[in-house]
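model01.pdb follows; it contains PDB, C-alpha atoms and all ligand atoms.
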ATOM      1  CA  MET A   1      29.430 -39.836  -6.952  1.00  0.00           C
ATOM      2  CA  LYS A   2      30.756 -37.688  -4.135  1.00  0.00           C
ATOM      3  CA  LEU A   3      30.594 -34.626  -6.387  1.00  0.00           C
ATOM      4  CA  LYS A   4      26.969 -35.269  -7.263  1.00  0.00           C
ATOM      5  CA  ARG A   5      26.055 -35.388  -3.597  1.00  0.00           C
ATOM      6  CA  LYS A   6      27.649 -31.979  -3.113  1.00  0.00           C
ATOM      7  CA  TYR A   7      25.490 -30.543  -5.881  1.00  0.00           C
ATOM      8  CA  ILE A   8      22.348 -32.011  -4.374  1.00  0.00           C
ATOM      9  CA  THR A   9      23.200 -30.520  -0.973  1.00  0.00           C
ATOM     10  CA  GLY A  10      23.838 -27.134  -2.613  1.00  0.00           C
ATOM     11  CA  PHE A  11      20.588 -27.334  -4.515  1.00  0.00           C
ATOM     12  CA  LEU A  12      18.639 -28.159  -1.370  1.00  0.00           C
ATOM     13  CA  LEU A  13      20.235 -25.237   0.466  1.00  0.00           C
ATOM     14  CA  VAL A  14      19.256 -22.816  -2.302  1.00  0.00           C
ATOM     15  CA  LEU A  15      15.766 -24.286  -2.442  1.00  0.00           C
ATOM     16  CA  GLY A  16      15.458 -23.976   1.330  1.00  0.00           C
ATOM     17  CA  PHE A  17      16.500 -20.346   1.131  1.00  0.00           C
ATOM     18  CA  PHE A  18      13.772 -19.542  -1.399  1.00  0.00           C
ATOM     19  CA  VAL A  19      11.160 -21.383   0.634  1.00  0.00           C
ATOM     20  CA  VAL A  20      12.071 -19.301   3.692  1.00  0.00           C
ATOM     21  CA  VAL A  21      11.959 -16.066   1.664  1.00  0.00           C
ATOM     22  CA  ALA A  22       8.609 -17.028   0.135  1.00  0.00           C
ATOM     23  CA  ILE A  23       7.066 -17.877   3.509  1.00  0.00           C
ATOM     24  CA  SER A  24       8.290 -14.754   5.278  1.00  0.00           C
ATOM     25  CA  GLY A  25       7.271 -12.648   2.244  1.00  0.00           C
ATOM     26  CA  CYS A  26       3.717 -13.950   2.441  1.00  0.00           C
ATOM     27  CA  ALA A  27       3.636 -13.501   6.197  1.00  0.00           C
ATOM     28  CA  SER A  28       4.436  -9.806   5.978  1.00  0.00           C
ATOM     29  CA  THR A  29       1.759  -9.221   3.301  1.00  0.00           C
ATOM     30  CA  THR A  30      -0.900 -10.746   5.535  1.00  0.00           C
ATOM     31  CA  ASP A  31       0.454  -8.597   8.322  1.00  0.00           C
ATOM     32  CA  ILE A  32      -0.287  -5.369   6.460  1.00  0.00           C
ATOM     33  CA  ALA A  33      -3.734  -6.598   5.419  1.00  0.00           C
ATOM     34  CA  ASP A  34      -4.540  -7.356   9.058  1.00  0.00           C
ATOM     35  CA  ARG A  35      -3.521  -3.966  10.395  1.00  0.00           C
ATOM     36  CA  SER A  36      -6.294  -1.595  11.342  1.00  0.00           C
ATOM     37  CA  GLY A  37      -6.479   2.015  10.210  1.00  0.00           C
ATOM     38  CA  ALA A  38      -5.654   3.188  13.710  1.00  0.00           C
ATOM     39  CA  GLU A  39      -2.549   1.028  13.812  1.00  0.00           C
ATOM     40  CA  LEU A  40      -1.382   2.159  10.359  1.00  0.00           C
ATOM     41  CA  TRP A  41      -1.984   5.763  11.361  1.00  0.00           C
ATOM     42  CA  GLY A  42       0.113   5.349  14.529  1.00  0.00           C
ATOM     43  CA  ASN A  43       2.890   3.586  12.650  1.00  0.00           C
ATOM     44  CA  ASN A  44       3.120   5.854   9.615  1.00  0.00           C
ATOM     45  CA  CYS A  45       1.827   9.312  10.382  1.00  0.00           C
ATOM     46  CA  ALA A  46       4.057  10.428  13.209  1.00  0.00           C
ATOM     47  CA  SER A  47       7.467   9.860  11.659  1.00  0.00           C
ATOM     48  CA  CYS A  48       7.823  13.322  10.080  1.00  0.00           C
ATOM     49  CA  HIS A  49       5.651  15.580  12.226  1.00  0.00           C
ATOM     50  CA  ASN A  50       3.679  15.293  15.445  1.00  0.00           C
ATOM     51  CA  ILE A  51       0.635  13.134  14.970  1.00  0.00           C
ATOM     52  CA  ARG A  52      -2.346  15.267  13.887  1.00  0.00           C
ATOM     53  CA  PRO A  53      -5.299  14.259  16.085  1.00  0.00           C
ATOM     54  CA  PRO A  54      -8.411  13.129  14.150  1.00  0.00           C
ATOM     55  CA  GLN A  55     -10.396  16.108  15.514  1.00  0.00           C
ATOM     56  CA  THR A  56      -8.148  18.644  13.766  1.00  0.00           C
ATOM     57  CA  LEU A  57      -9.806  18.133  10.364  1.00  0.00           C
ATOM     58  CA  THR A  58     -13.268  17.464   8.920  1.00  0.00           C
ATOM     59  CA  ASP A  59     -14.074  14.335   6.862  1.00  0.00           C
ATOM     60  CA  ALA A  60     -13.563  16.214   3.595  1.00  0.00           C
ATOM     61  CA  GLN A  61     -10.290  17.694   4.798  1.00  0.00           C
ATOM     62  CA  TRP A  62      -9.008  14.234   5.834  1.00  0.00           C
ATOM     63  CA  GLU A  63      -9.757  12.950   2.342  1.00  0.00           C
ATOM     64  CA  VAL A  64      -7.501  15.629   0.869  1.00  0.00           C
ATOM     65  CA  ALA A  65      -4.781  15.468   3.527  1.00  0.00           C
ATOM     66  CA  GLY A  66      -4.837  11.650   3.410  1.00  0.00           C
ATOM     67  CA  ILE A  67      -4.190  11.565  -0.328  1.00  0.00           C
ATOM     68  CA  HIS A  68      -1.560  14.267   0.063  1.00  0.00           C
ATOM     69  CA  MET A  69       0.193  12.289   2.820  1.00  0.00           C
ATOM     70  CA  ARG A  70      -0.141   9.001   0.945  1.00  0.00           C
ATOM     71  CA  THR A  71       2.614  10.111  -1.419  1.00  0.00           C
ATOM     72  CA  ARG A  72       4.739  11.458   1.414  1.00  0.00           C
ATOM     73  CA  ALA A  73       4.442   8.331   3.559  1.00  0.00           C
ATOM     74  CA  ASN A  74       4.716   6.014   0.539  1.00  0.00           C
ATOM     75  CA  LEU A  75       1.539   4.105   1.426  1.00  0.00           C
ATOM     76  CA  THR A  76      -0.576   1.781  -0.700  1.00  0.00           C
ATOM     77  CA  GLY A  77      -4.147   2.724  -1.601  1.00  0.00           C
ATOM     78  CA  VAL A  78      -5.515   0.137   0.819  1.00  0.00           C
ATOM     79  CA  GLU A  79      -3.418   1.491   3.678  1.00  0.00           C
ATOM     80  CA  THR A  80      -4.377   5.087   2.911  1.00  0.00           C
ATOM     81  CA  ASN A  81      -8.086   4.258   2.761  1.00  0.00           C
ATOM     82  CA  LYS A  82      -7.914   2.438   6.088  1.00  0.00           C
ATOM     83  CA  ILE A  83      -6.211   5.430   7.705  1.00  0.00           C
ATOM     84  CA  ILE A  84      -8.707   7.910   6.213  1.00  0.00           C
ATOM     85  CA  GLU A  85     -11.653   5.738   7.295  1.00  0.00           C
ATOM     86  CA  PHE A  86     -10.258   5.566  10.831  1.00  0.00           C
ATOM     87  CA  LEU A  87      -9.677   9.338  10.994  1.00  0.00           C
ATOM     88  CA  LYS A  88     -13.221  10.010   9.755  1.00  0.00           C
ATOM     89  CA  THR A  89     -14.762   7.820  12.438  1.00  0.00           C
ATOM     90  CA  ALA A  90     -12.633   9.388  15.191  1.00  0.00           C
ATOM     91  CA  ASN A  91     -13.006  13.120  14.420  1.00  0.00           C
TER      92      ASN A  91
HETATM   93  C1  LIG B   1       7.632  11.710   4.845  1.00  0.00           C
HETATM   94  C2  LIG B   1       7.158  12.613   5.884  1.00  0.00           C
HETATM   95  C3  LIG B   1       5.672  12.628   6.227  1.00  0.00           C
HETATM   96  C4  LIG B   1       4.873  11.552   6.572  1.00  0.00           C
HETATM   97  C5  LIG B   1       5.264  10.093   6.686  1.00  0.00           C
HETATM   98  C6  LIG B   1       3.559  12.097   6.830  1.00  0.00           C
HETATM   99  N1  LIG B   1       3.561  13.452   6.674  1.00  0.00           N
HETATM  100 FE1  LIG B   1       2.007  14.711   6.988  1.00  0.00          FE
HETATM  101  N2  LIG B   1       3.146  16.288   6.409  1.00  0.00           N
HETATM  102  C7  LIG B   1       4.481  16.241   6.034  1.00  0.00           C
HETATM  103  C8  LIG B   1       4.921  17.568   5.639  1.00  0.00           C
HETATM  104  C9  LIG B   1       6.317  17.940   5.157  1.00  0.00           C
HETATM  105  C10 LIG B   1       3.801  18.436   5.781  1.00  0.00           C
HETATM  106  C11 LIG B   1       3.730  19.936   5.477  1.00  0.00           C
HETATM  107  C12 LIG B   1       2.889  20.160   4.239  1.00  0.00           C
HETATM  108  C13 LIG B   1       3.587  19.769   2.970  1.00  0.00           C
HETATM  109  O1  LIG B   1       4.515  20.456   2.530  1.00  0.00           O
HETATM  110  O2  LIG B   1       3.202  18.736   2.379  1.00  0.00           O
HETATM  111  C14 LIG B   1       2.716  17.595   6.284  1.00  0.00           C
HETATM  112  C15 LIG B   1       1.451  18.071   6.585  1.00  0.00           C
HETATM  113  C16 LIG B   1       0.409  17.316   7.085  1.00  0.00           C
HETATM  114  C17 LIG B   1      -0.910  17.848   7.391  1.00  0.00           C
HETATM  115  C18 LIG B   1      -1.362  19.282   7.186  1.00  0.00           C
HETATM  116  C19 LIG B   1      -2.322  19.397   6.004  1.00  0.00           C
HETATM  117  C20 LIG B   1      -1.727  19.093   4.650  1.00  0.00           C
HETATM  118  O3  LIG B   1      -2.336  18.313   3.870  1.00  0.00           O
HETATM  119  O4  LIG B   1      -0.669  19.662   4.299  1.00  0.00           O
HETATM  120  C21 LIG B   1      -1.650  16.795   7.855  1.00  0.00           C
HETATM  121  C22 LIG B   1      -3.101  16.834   8.323  1.00  0.00           C
HETATM  122  C23 LIG B   1      -0.820  15.605   7.812  1.00  0.00           C
HETATM  123  N3  LIG B   1       0.435  15.960   7.353  1.00  0.00           N
HETATM  124  C24 LIG B   1      -1.236  14.345   8.168  1.00  0.00           C
HETATM  125  C25 LIG B   1      -0.501  13.182   7.946  1.00  0.00           C
HETATM  126  C26 LIG B   1      -1.024  11.835   8.023  1.00  0.00           C
HETATM  127  C27 LIG B   1      -2.453  11.463   8.386  1.00  0.00           C
HETATM  128  C28 LIG B   1       0.008  10.985   7.730  1.00  0.00           C
HETATM  129  C29 LIG B   1      -0.045   9.461   7.600  1.00  0.00           C
HETATM  130  C30 LIG B   1      -0.825   8.941   6.512  1.00  0.00           C
HETATM  131  C31 LIG B   1       1.196  11.805   7.467  1.00  0.00           C
HETATM  132  N4  LIG B   1       0.835  13.126   7.590  1.00  0.00           N
HETATM  133  C32 LIG B   1       2.453  11.310   7.172  1.00  0.00           C
HETATM  134  C33 LIG B   1       5.269  15.111   6.043  1.00  0.00           C
HETATM  135  C34 LIG B   1       4.846  13.825   6.299  1.00  0.00           C
END

I'd like the structure from this file rewritten - as structure tokens, please.
Ligand code: HEC
Amino acid sequence: MKLKRKYITGFLLVLGFFVVVAISGCASTTDIADRSGAELWGNNCASCHNIRPPQTLTDAQWEVAGIHMRTRANLTGVETNKIIEFLKTAN
């Protein structure tokens, strides 16, 4: 009987761990979805070189540079599009 109780406690601990992982996993996904293009740009585009101000390129040039930098910065399509949209409204 005592042994069984130990197993149940262990099981609940493992279950609790997965619940915590699942909740924090979902929280971070919503986080990214909520971030604006400007925020994503500030967070991702200044880690390798100085931030390139929006005015440095035209809309068409941002499209190309954005796709080019998507692979460098390891961004998702949604993130890249948000950044490009922001840069095109601010140039
Ligand atoms: C992992 C490092 C890295 C990150 C992150 C990064 N860049 Fe770059 N970027 C480079 C390098 C290196 C170059 C020089 C050109 C090349 O060899 O690709 C460059 C060049 C550029 C250029 C010059 C034009 C071009 O296409 O080559 C622009 C504009 C630019 N980056 C914008 C951005 C933007 C906007 C972001 C965020 C989405 C970003 N970069 C994120 C490394 C990075």

Grab me every residue within 12 Å of ligand LIG 1 (chain B), counting only C-alpha atoms and all ligand atoms, and send it over as an mmCIF file with C-alpha atoms, in the coordinates of the input.
data_model
loop_
_atom_site.group_PDB
_atom_site.id
_atom_site.type_symbol
_atom_site.label_atom_id
_atom_site.label_comp_id
_atom_site.auth_asym_id
_atom_site.auth_seq_id
_atom_site.Cartn_x
_atom_site.Cartn_y
_atom_site.Cartn_z
ATOM 1 C CA GLY A 37 -6.479 2.015 10.210
ATOM 2 C CA ALA A 38 -5.654 3.188 13.710
ATOM 3 C CA GLU A 39 -2.549 1.028 13.812
ATOM 4 C CA LEU A 40 -1.382 2.159 10.359
ATOM 5 C CA TRP A 41 -1.984 5.763 11.361
ATOM 6 C CA GLY A 42 0.113 5.349 14.529
ATOM 7 C CA ASN A 43 2.890 3.586 12.650
ATOM 8 C CA ASN A 44 3.120 5.854 9.615
ATOM 9 C CA CYS A 45 1.827 9.312 10.382
ATOM 10 C CA ALA A 46 4.057 10.428 13.209
ATOM 11 C CA SER A 47 7.467 9.860 11.659
ATOM 12 C CA CYS A 48 7.823 13.322 10.080
ATOM 13 C CA HIS A 49 5.651 15.580 12.226
ATOM 14 C CA ASN A 50 3.679 15.293 15.445
ATOM 15 C CA ILE A 51 0.635 13.134 14.970
ATOM 16 C CA ARG A 52 -2.346 15.267 13.887
ATOM 17 C CA PRO A 53 -5.299 14.259 16.085
ATOM 18 C CA PRO A 54 -8.411 13.129 14.150
ATOM 19 C CA GLN A 55 -10.396 16.108 15.514
ATOM 20 C CA THR A 56 -8.148 18.644 13.766
ATOM 21 C CA LEU A 57 -9.806 18.133 10.364
ATOM 22 C CA THR A 58 -13.268 17.464 8.920
ATOM 23 C CA ASP A 59 -14.074 14.335 6.862
ATOM 24 C CA ALA A 60 -13.563 16.214 3.595
ATOM 25 C CA GLN A 61 -10.290 17.694 4.798
ATOM 26 C CA TRP A 62 -9.008 14.234 5.834
ATOM 27 C CA GLU A 63 -9.757 12.950 2.342
ATOM 28 C CA VAL A 64 -7.501 15.629 0.869
ATOM 29 C CA ALA A 65 -4.781 15.468 3.527
ATOM 30 C CA GLY A 66 -4.837 11.650 3.410
ATOM 31 C CA ILE A 67 -4.190 11.565 -0.328
ATOM 32 C CA HIS A 68 -1.560 14.267 0.063
ATOM 33 C CA MET A 69 0.193 12.289 2.820
ATOM 34 C CA ARG A 70 -0.141 9.001 0.945
ATOM 35 C CA THR A 71 2.614 10.111 -1.419
ATOM 36 C CA ARG A 72 4.739 11.458 1.414
ATOM 37 C CA ALA A 73 4.442 8.331 3.559
ATOM 38 C CA ASN A 74 4.716 6.014 0.539
ATOM 39 C CA LEU A 75 1.539 4.105 1.426
ATOM 40 C CA THR A 76 -0.576 1.781 -0.700
ATOM 41 C CA GLY A 77 -4.147 2.724 -1.601
ATOM 42 C CA VAL A 78 -5.515 0.137 0.819
ATOM 43 C CA GLU A 79 -3.418 1.491 3.678
ATOM 44 C CA THR A 80 -4.377 5.087 2.911
ATOM 45 C CA ASN A 81 -8.086 4.258 2.761
ATOM 46 C CA LYS A 82 -7.914 2.438 6.088
ATOM 47 C CA ILE A 83 -6.211 5.430 7.705
ATOM 48 C CA ILE A 84 -8.707 7.910 6.213
ATOM 49 C CA GLU A 85 -11.653 5.738 7.295
ATOM 50 C CA PHE A 86 -10.258 5.566 10.831
ATOM 51 C CA LEU A 87 -9.677 9.338 10.994
ATOM 52 C CA LYS A 88 -13.221 10.010 9.755
#

Size and centre in Å, one decimal, axis-aligned box, all listed region 35-38 of chain A atoms plus 5 Å per side, as lines of an AutoDock Vina configuration file:
center_x = -5.0
center_y = -0.4
center_z = 12.0
size_x = 13.0
size_y = 17.2
size_z = 13.5

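For the pair CA of Ala33 (chain A) and CA of Thr89 (chain A), the interatomic distance is 19.5 Å.
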
Separation of CA of Asp34 (chain A) from CA of Phe18 (chain A) in Å: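 Atom-to-atom, CA of Phe18 (chain A) and CA of Asp34 (chain A) are spaced 24.4 Å apart.
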